[in-house]
Amino acid sequence: MSTVIKGGTIVTADLTYKADVKIEGGKIVEIGANLSGTETLDATGCYVMPGGIDPHVHLEMPFMGTYSSDDFESGTRAGLAGGTTMVVDFCLPGPEQSLLEALQMWDNKTSRANADYSFHMAITGWNERVFNEMETIVKDKGINTFKHFMAYKGALMVNDDEMFASFQRCAELGALPLVHAENGDVVASMTAKLLAEGNNGPEAHAYSRPPEVEGEATNRAIMLADMAGVPLYVVHTSCEQAHEAIRRARQKGMRVYGEPLIQHLTLDESEYFDKDWDHAARRVMSPPFRSKQHQDSLWAGLQSGSLSVVATDHCAFTTDQKRFGIGNFAKIPNGTGGLEDRLPMLWTHGVNTGRLTINEFVAVTSTNIAKILNVYPKKGAILVGADADIVVWDPKRSKTISAKSQQSSIDYNVFEGKDVTGLPRYTLTRGEVAIEESTVKTKEGHGQFVKRQPFQAVNKALSTWKELVAPRKVERSGIPATGV
Ligand code: URP
Ligand code: ZN
Ligand code: ZN
Ligand code: ZN
């Protein structure tokens with residue numbers, strides 16, 4: 001059995017050219033002119049691109065007294081419908097829980113995944129067992145990224161001493177630390193003040209987490225990572241203050257990656273002032289949506305390369321779940337969806353407006369992510385030997401986004417009513433057609449765990465430099481005698 005994608009234009013992060021792609025056994029086996037196979041997919045008028053990789057999703061996540069509604073089945077189905085062929089979820093150990101035990105629990109959720117997935121491991125506390133288990137996670141379990149929440153005080157948050165210890169451990173193990181960068185102490189204090197003043201609606205969620213809260217934490221995490229001699233990945237970068245810190249660090253030569261979300265790029269804070277409580281609460285997430293100036297900064301970051309990737313932080317709660325927070329915005333489960341909409345929205349607002357080239361689109365939705373997470377070129381590439389995770393992208397197909405026709409299990413969509421032009425004609429996961437225009441052909445259980453090896457190049461470079469500039473005792477002769 002072989003499949004040939006015929007008549008399309010291949011678009012990668014650095015090349016655009018006409019060629020057919022032949023697939024066998026889930027992998028790309030040939031790229032060239034006039035290829036033939038048992039099955040042919042017509043790509044005339046389309047771009048043939050590496051499938052999207054979403055580096056930041058929360059499927060069936062236990063959070064704020066409930067679970068996010070999309071699981072690995074509906075979440076990966078939503079991703080495939082929008083051209084995303086791999087997701088990376090976060091394993092969140094409970095307080096005092098073993099990392100390995102938590103990983104087993106996360107693994108148990110994945111049996112119905114329709115597309116490939118991987119995990120980041122969260123560090124939610126610090127002790128000797130965590131220190132030891134991090135090695136097993138990296139060396140045996142195929143996870144090379146560790147997430148640190150600087151917010152959610154009293155729940156997932158870690159303090160600077162814990163974070164610094166974990167960053168140093170990441171440096172030793174060839175792992176990459178990730179941070180949710182918001183100053184959790186300041187958020188807690190502002191939240192209490194707002195509530196005491198009677199400001200209990202969803203708009204107060206945004207007031208409780210201004211851009212400074214994010215800028216300060218981003219800068220702090222960058223400095224800690226620099227002192228630990230480790231690269232850093234900042235999730236959901238939403239504002240100029242955080243972007244500025246990342247930009248400055250990168251200009252100084254630090255290896256820092258920023259991840260804006262499609263929501264922050266295209267939706268703004270005015271959503272929280274909607275008179276309809278449900279409308280505003282459905283958009284409550286951390287960090288919150290920002291003003292147009294912040295959006296401009298994020299777009300400029302993608303254009304100039306100071307920001308590296310675009311994710312969704314897909315963490316979908318139903319309207320009923322959001323209503324846990326009526327009368328107290330701090331109880332509204334934080335999170336929004338976007339898995340199905342990331343590529344079409346970014347194409348429409350990025351490529352169709354001239355802000356991004358088609359190659360930059362591939363870089364920020366797939367290839368950069370694969371490289372940063374160390375799964376390139378198995379994923380994120382149209383190359384012989386790569387997994388055939390491919391989206392055949394029709395730049396002329398359009399639709400109006402609506403919850404009525406979405407794959408996600410929730411009852412609304414934060415992009416409701418938005419027109420998009422640029423949609424998948426086909427999405428293939430390891431060579432199998434999962435989406436053919438509006439027809440869903442996903443197969444439950446097809447998705448496999450993708451192991452990610454420890455980092456070699458960047459961590460080696462940083463540890464070499466760290467060793468060069470390490471503190472060294474000055475050997476002195478003629479030291480004055482102490483005392484008399
Ligand atoms: O509001 C958000 N972002 N919810 C998901 C958890 C997180 O902080 O990433
Ligand atoms: Zn977060
Ligand atoms: Zn998240
Ligand atoms: Zn299969």
# chains A, B, ... in the order shown; residues from 1 in each chain; ligands from 1
>>> residues_near_ligand(ligand="ligand 1", cutoff="6 Å", atoms="only C-alpha atoms and all ligand atoms", output="ChimeraX atom specification")
/A:285-286,313,315,334-335
>>> write_last_selection(atoms="C-alpha atoms", output="PDB file, in the first residue's frame")
ATOM      1  CA  MET A 285      -7.694  32.422  30.749  1.00  0.00           C
ATOM      2  CA  SER A 286      -4.262  33.219  32.137  1.00  0.00           C
ATOM      3  CA  ASP A 313      -2.938  26.253  25.404  1.00  0.00           C
ATOM      4  CA  CYS A 315      -7.907  23.932  27.877  1.00  0.00           C
ATOM      5  CA  ASN A 334      -9.045  29.307  33.519  1.00  0.00           C
ATOM      6  CA  GLY A 335      -8.688  28.227  29.912  1.00  0.00           C
TER       7      GLY A 335
END
>>> residues_near_ligand(ligand="ligand 3", cutoff="7 Å", atoms="only C-alpha atoms and all ligand atoms", output="list in words")
His56, Val57, His58 and Asp313 of chain A
>>> write_last_selection(atoms="C-alpha atoms", output="PDB file, in the first residue's frame")
ATOM      1  CA  HIS A  56       0.789  23.378  24.590  1.00  0.00           C
ATOM      2  CA  VAL A  57      -2.534  21.636  25.304  1.00  0.00           C
ATOM      3  CA  HIS A  58      -4.388  20.443  28.410  1.00  0.00           C
ATOM      4  CA  ASP A 313      -2.938  26.253  25.404  1.00  0.00           C
TER       5      ASP A 313
END
>>> residues_around(residues="region 340-349 of chain A", least_positions_apart="6", cutoff="6 Å", atoms="only C-alpha atoms", output="VMD selection string")
chain A and resid 78 to 79 81 to 82 262 420 to 423
>>> write_last_selection(atoms="C-alpha atoms", output="mmCIF file, in the first residue's frame")
data_model
loop_
_atom_site.group_PDB
_atom_site.id
_atom_site.type_symbol
_atom_site.label_atom_id
_atom_site.label_comp_id
_atom_site.auth_asym_id
_atom_site.auth_seq_id
_atom_site.Cartn_x
_atom_site.Cartn_y
_atom_site.Cartn_z
ATOM 1 C CA ALA A 78 -10.238 18.760 16.787
ATOM 2 C CA GLY A 79 -6.547 19.219 16.069
ATOM 3 C CA ALA A 81 -9.720 18.833 11.647
ATOM 4 C CA GLY A 82 -7.657 22.013 11.714
ATOM 5 C CA ILE A 262 -3.451 32.258 18.550
ATOM 6 C CA VAL A 420 -11.326 32.068 7.849
ATOM 7 C CA THR A 421 -9.834 31.412 4.409
ATOM 8 C CA GLY A 422 -7.264 28.634 4.280
ATOM 9 C CA LEU A 423 -8.280 25.168 5.516
#
>>> closest_atom_pairs(of="chain A", to="ligand 4", cutoff="7 Å", atoms="only C-alpha atoms and all ligand atoms", output="JSON lines")
{"residue": "A:Glu432", "atom": "CA", "partner": "ligand 4", "partner_atom_place_in_ligand_line": "1 (Zn)", "distance": 6.8}
{"residue": "A:Lys443", "atom": "CA", "partner": "ligand 4", "partner_atom_place_in_ligand_line": "1 (Zn)", "distance": 6.5}
{"residue": "A:His446", "atom": "CA", "partner": "ligand 4", "partner_atom_place_in_ligand_line": "1 (Zn)", "distance": 4.1}
>>> closest_atom_pairs(of="chain A", to="ligand 2", cutoff="12 Å", atoms="only C-alpha atoms and all ligand atoms", output="JSON lines")
{"residue": "A:His56", "atom": "CA", "partner": "ligand 2", "partner_atom_place_in_ligand_line": "1 (Zn)", "distance": 9.0}
{"residue": "A:Val57", "atom": "CA", "partner": "ligand 2", "partner_atom_place_in_ligand_line": "1 (Zn)", "distance": 9.8}
{"residue": "A:His58", "atom": "CA", "partner": "ligand 2", "partner_atom_place_in_ligand_line": "1 (Zn)", "distance": 9.8}
{"residue": "A:Phe63", "atom": "CA", "partner": "ligand 2", "partner_atom_place_in_ligand_line": "1 (Zn)", "distance": 11.4}
{"residue": "A:Asp89", "atom": "CA", "partner": "ligand 2", "partner_atom_place_in_ligand_line": "1 (Zn)", "distance": 11.8}
{"residue": "A:Phe90", "atom": "CA", "partner": "ligand 2", "partner_atom_place_in_ligand_line": "1 (Zn)", "distance": 10.2}
{"residue": "A:Leu92", "atom": "CA", "partner": "ligand 2", "partner_atom_place_in_ligand_line": "1 (Zn)", "distance": 11.9}
{"residue": "A:Ala122", "atom": "CA", "partner": "ligand 2", "partner_atom_place_in_ligand_line": "1 (Zn)", "distance": 11.0}
{"residue": "A:Lys147", "atom": "CA", "partner": "ligand 2", "partner_atom_place_in_ligand_line": "1 (Zn)", "distance": 9.2}
{"residue": "A:His148", "atom": "CA", "partner": "ligand 2", "partner_atom_place_in_ligand_line": "1 (Zn)", "distance": 9.0}
{"residue": "A:Phe149", "atom": "CA", "partner": "ligand 2", "partner_atom_place_in_ligand_line": "1 (Zn)", "distance": 6.8}
{"residue": "A:Met150", "atom": "CA", "partner": "ligand 2", "partner_atom_place_in_ligand_line": "1 (Zn)", "distance": 8.8}
{"residue": "A:Ala151", "atom": "CA", "partner": "ligand 2", "partner_atom_place_in_ligand_line": "1 (Zn)", "distance": 8.0}
{"residue": "A:Tyr152", "atom": "CA", "partner": "ligand 2", "partner_atom_place_in_ligand_line": "1 (Zn)", "distance": 9.0}
{"residue": "A:Leu156", "atom": "CA", "partner": "ligand 2", "partner_atom_place_in_ligand_line": "1 (Zn)", "distance": 10.0}
{"residue": "A:Met157", "atom": "CA", "partner": "ligand 2", "partner_atom_place_in_ligand_line": "1 (Zn)", "distance": 10.4}
{"residue": "A:Leu178", "atom": "CA", "partner": "ligand 2", "partner_atom_place_in_ligand_line": "1 (Zn)", "distance": 9.9}
{"residue": "A:Val179", "atom": "CA", "partner": "ligand 2", "partner_atom_place_in_ligand_line": "1 (Zn)", "distance": 7.8}
{"residue": "A:His180", "atom": "CA", "partner": "ligand 2", "partner_atom_place_in_ligand_line": "1 (Zn)", "distance": 4.6}
{"residue": "A:Ala181", "atom": "CA", "partner": "ligand 2", "partner_atom_place_in_ligand_line": "1 (Zn)", "distance": 7.6}
{"residue": "A:Glu182", "atom": "CA", "partner": "ligand 2", "partner_atom_place_in_ligand_line": "1 (Zn)", "distance": 8.7}
{"residue": "A:Asn183", "atom": "CA", "partner": "ligand 2", "partner_atom_place_in_ligand_line": "1 (Zn)", "distance": 11.9}
{"residue": "A:Gly184", "atom": "CA", "partner": "ligand 2", "partner_atom_place_in_ligand_line": "1 (Zn)", "distance": 11.5}
{"residue": "A:Glu214", "atom": "CA", "partner": "ligand 2", "partner_atom_place_in_ligand_line": "1 (Zn)", "distance": 11.1}
{"residue": "A:Val234", "atom": "CA", "partner": "ligand 2", "partner_atom_place_in_ligand_line": "1 (Zn)", "distance": 9.5}
{"residue": "A:Val235", "atom": "CA", "partner": "ligand 2", "partner_atom_place_in_ligand_line": "1 (Zn)", "distance": 6.7}
{"residue": "A:His236", "atom": "CA", "partner": "ligand 2", "partner_atom_place_in_ligand_line": "1 (Zn)", "distance": 6.7}
{"residue": "A:Thr237", "atom": "CA", "partner": "ligand 2", "partner_atom_place_in_ligand_line": "1 (Zn)", "distance": 9.6}
{"residue": "A:Ser238", "atom": "CA", "partner": "ligand 2", "partner_atom_place_in_ligand_line": "1 (Zn)", "distance": 11.0}
{"residue": "A:Glu259", "atom": "CA", "partner": "ligand 2", "partner_atom_place_in_ligand_line": "1 (Zn)", "distance": 11.1}
{"residue": "A:Pro260", "atom": "CA", "partner": "ligand 2", "partner_atom_place_in_ligand_line": "1 (Zn)", "distance": 11.6}
{"residue": "A:Leu261", "atom": "CA", "partner": "ligand 2", "partner_atom_place_in_ligand_line": "1 (Zn)", "distance": 11.0}
{"residue": "A:Met285", "atom": "CA", "partner": "ligand 2", "partner_atom_place_in_ligand_line": "1 (Zn)", "distance": 8.6}
{"residue": "A:Ser286", "atom": "CA", "partner": "ligand 2", "partner_atom_place_in_ligand_line": "1 (Zn)", "distance": 6.3}
{"residue": "A:Pro287", "atom": "CA", "partner": "ligand 2", "partner_atom_place_in_ligand_line": "1 (Zn)", "distance": 7.4}
{"residue": "A:Pro288", "atom": "CA", "partner": "ligand 2", "partner_atom_place_in_ligand_line": "1 (Zn)", "distance": 10.6}
{"residue": "A:Ala311", "atom": "CA", "partner": "ligand 2", "partner_atom_place_in_ligand_line": "1 (Zn)", "distance": 11.7}
{"residue": "A:Thr312", "atom": "CA", "partner": "ligand 2", "partner_atom_place_in_ligand_line": "1 (Zn)", "distance": 10.8}
{"residue": "A:Asp313", "atom": "CA", "partner": "ligand 2", "partner_atom_place_in_ligand_line": "1 (Zn)", "distance": 7.5}
{"residue": "A:His314", "atom": "CA", "partner": "ligand 2", "partner_atom_place_in_ligand_line": "1 (Zn)", "distance": 10.4}
{"residue": "A:Cys315", "atom": "CA", "partner": "ligand 2", "partner_atom_place_in_ligand_line": "1 (Zn)", "distance": 9.9}
{"residue": "A:Asn334", "atom": "CA", "partner": "ligand 2", "partner_atom_place_in_ligand_line": "1 (Zn)", "distance": 9.1}
{"residue": "A:Gly335", "atom": "CA", "partner": "ligand 2", "partner_atom_place_in_ligand_line": "1 (Zn)", "distance": 8.8}
{"residue": "A:Thr336", "atom": "CA", "partner": "ligand 2", "partner_atom_place_in_ligand_line": "1 (Zn)", "distance": 11.2}
>>> select_by_dssp(residues="region 234-305 of chain A", states="alpha helix (DSSP H)", output="PyMOL selection string")
chain A and resi 240-251+262-266+277-282+292-304
>>> select_by_dssp(residues="region 210-438 of chain A", states="strand (DSSP E or B)", output="count of residues only")
38
>>> atom_distance(atom1="CA of Asn159 (chain A)", atom2="CA of Gly325 (chain A)")
26.7 Å
>>> residues_around(residues="Thr136 (chain A)", least_positions_apart="3", cutoff="12 Å", atoms="only C-alpha atoms", output="JSON, numbers by chain")
{"A": [98, 99, 100, 103, 121, 129, 130, 131, 132, 133, 139, 140, 141, 142, 143, 144, 173, 175, 454]}
>>> write_last_selection(atoms="C-alpha atoms", output="PDB file, in the first residue's frame")
ATOM      1  CA  SER A  98       5.668  10.850  42.445  1.00  0.00           C
ATOM      2  CA  LEU A  99       6.413  12.084  38.911  1.00  0.00           C
ATOM      3  CA  LEU A 100       6.370   8.487  37.671  1.00  0.00           C
ATOM      4  CA  LEU A 103       2.954   9.956  34.330  1.00  0.00           C
ATOM      5  CA  MET A 121       6.353  17.024  32.984  1.00  0.00           C
ATOM      6  CA  ARG A 129      12.472  12.187  45.077  1.00  0.00           C
ATOM      7  CA  VAL A 130      11.609  14.807  42.434  1.00  0.00           C
ATOM      8  CA  PHE A 131      15.337  15.428  41.907  1.00  0.00           C
ATOM      9  CA  ASN A 132      15.952  11.695  41.386  1.00  0.00           C
ATOM     10  CA  GLU A 133      12.859  10.982  39.297  1.00  0.00           C
ATOM     11  CA  LYS A 139      16.474   8.996  30.315  1.00  0.00           C
ATOM     12  CA  ASP A 140      13.769   6.308  30.328  1.00  0.00           C
ATOM     13  CA  LYS A 141      10.447   8.007  29.678  1.00  0.00           C
ATOM     14  CA  GLY A 142      11.274  10.158  26.660  1.00  0.00           C
ATOM     15  CA  ILE A 143      10.337  13.512  28.209  1.00  0.00           C
ATOM     16  CA  ASN A 144      12.888  16.313  27.939  1.00  0.00           C
ATOM     17  CA  LEU A 173      20.076  16.264  32.415  1.00  0.00           C
ATOM     18  CA  ALA A 175      16.369  19.062  29.559  1.00  0.00           C
ATOM     19  CA  PRO A 454      17.614  14.780  25.854  1.00  0.00           C
TER      20      PRO A 454
END
>>> residues_around(residues="Leu15 (chain A)", least_positions_apart="5", cutoff="12 Å", atoms="only C-alpha atoms", output="list of chain:residue names")
A:Thr9, A:Ile10, A:Tyr47, A:Val48, A:Met49, A:Thr357, A:Ile358, A:Asn359, A:Glu360, A:Val362, A:Ala363, A:Ala381, A:Ile382, A:Leu383
>>> write_last_selection(atoms="C-alpha atoms", output="mmCIF file, in the first residue's frame")
data_model
loop_
_atom_site.group_PDB
_atom_site.id
_atom_site.type_symbol
_atom_site.label_atom_id
_atom_site.label_comp_id
_atom_site.auth_asym_id
_atom_site.auth_seq_id
_atom_site.Cartn_x
_atom_site.Cartn_y
_atom_site.Cartn_z
ATOM 1 C CA THR A 9 3.332 22.731 -3.903
ATOM 2 C CA ILE A 10 5.490 21.617 -0.991
ATOM 3 C CA TYR A 47 0.201 23.603 -0.323
ATOM 4 C CA VAL A 48 1.640 20.380 1.085
ATOM 5 C CA MET A 49 3.005 21.232 4.525
ATOM 6 C CA THR A 357 5.177 34.299 4.678
ATOM 7 C CA ILE A 358 3.936 30.785 4.013
ATOM 8 C CA ASN A 359 7.343 29.460 5.116
ATOM 9 C CA GLU A 360 7.206 31.436 8.366
ATOM 10 C CA VAL A 362 5.176 26.445 8.674
ATOM 11 C CA ALA A 363 8.066 27.403 10.934
ATOM 12 C CA ALA A 381 9.429 18.089 8.123
ATOM 13 C CA ILE A 382 8.591 17.078 4.573
ATOM 14 C CA LEU A 383 11.662 14.914 4.079
#
>>> residues_around(residues="Asp320 (chain A)", least_positions_apart="2", cutoff="10 Å", atoms="only C-alpha atoms", output="PyMOL selection string")
chain A and resi 278+282+317-318+322-325+410-411
>>> residues_around(residues="Ile53 (chain A)", least_positions_apart="3", cutoff="8 Å", atoms="only C-alpha atoms", output="PyMOL selection string")
chain A and resi 84-88+365-366+369-370+380
>>> atom_distance(atom1="CA of Arg397 (chain A)", atom2="CA of Glu437 (chain A)")
9.0 Å
>>> closest_residue(among="A:Glu128, A:Glu60, A:Glu135, A:Asp226", to="Asp107 (chain A)", atoms="only C-alpha atoms")
A:Glu60
>>> atom_distance(atom1="CA of Ala19 (chain A)", atom2="CA of Val384 (chain A)")
12.7 Å
>>> closest_residue(among="A:Ala386, A:Cys91, A:Val284, A:Ala192", to="Tyr272 (chain A)", atoms="only C-alpha atoms")
A:Val284
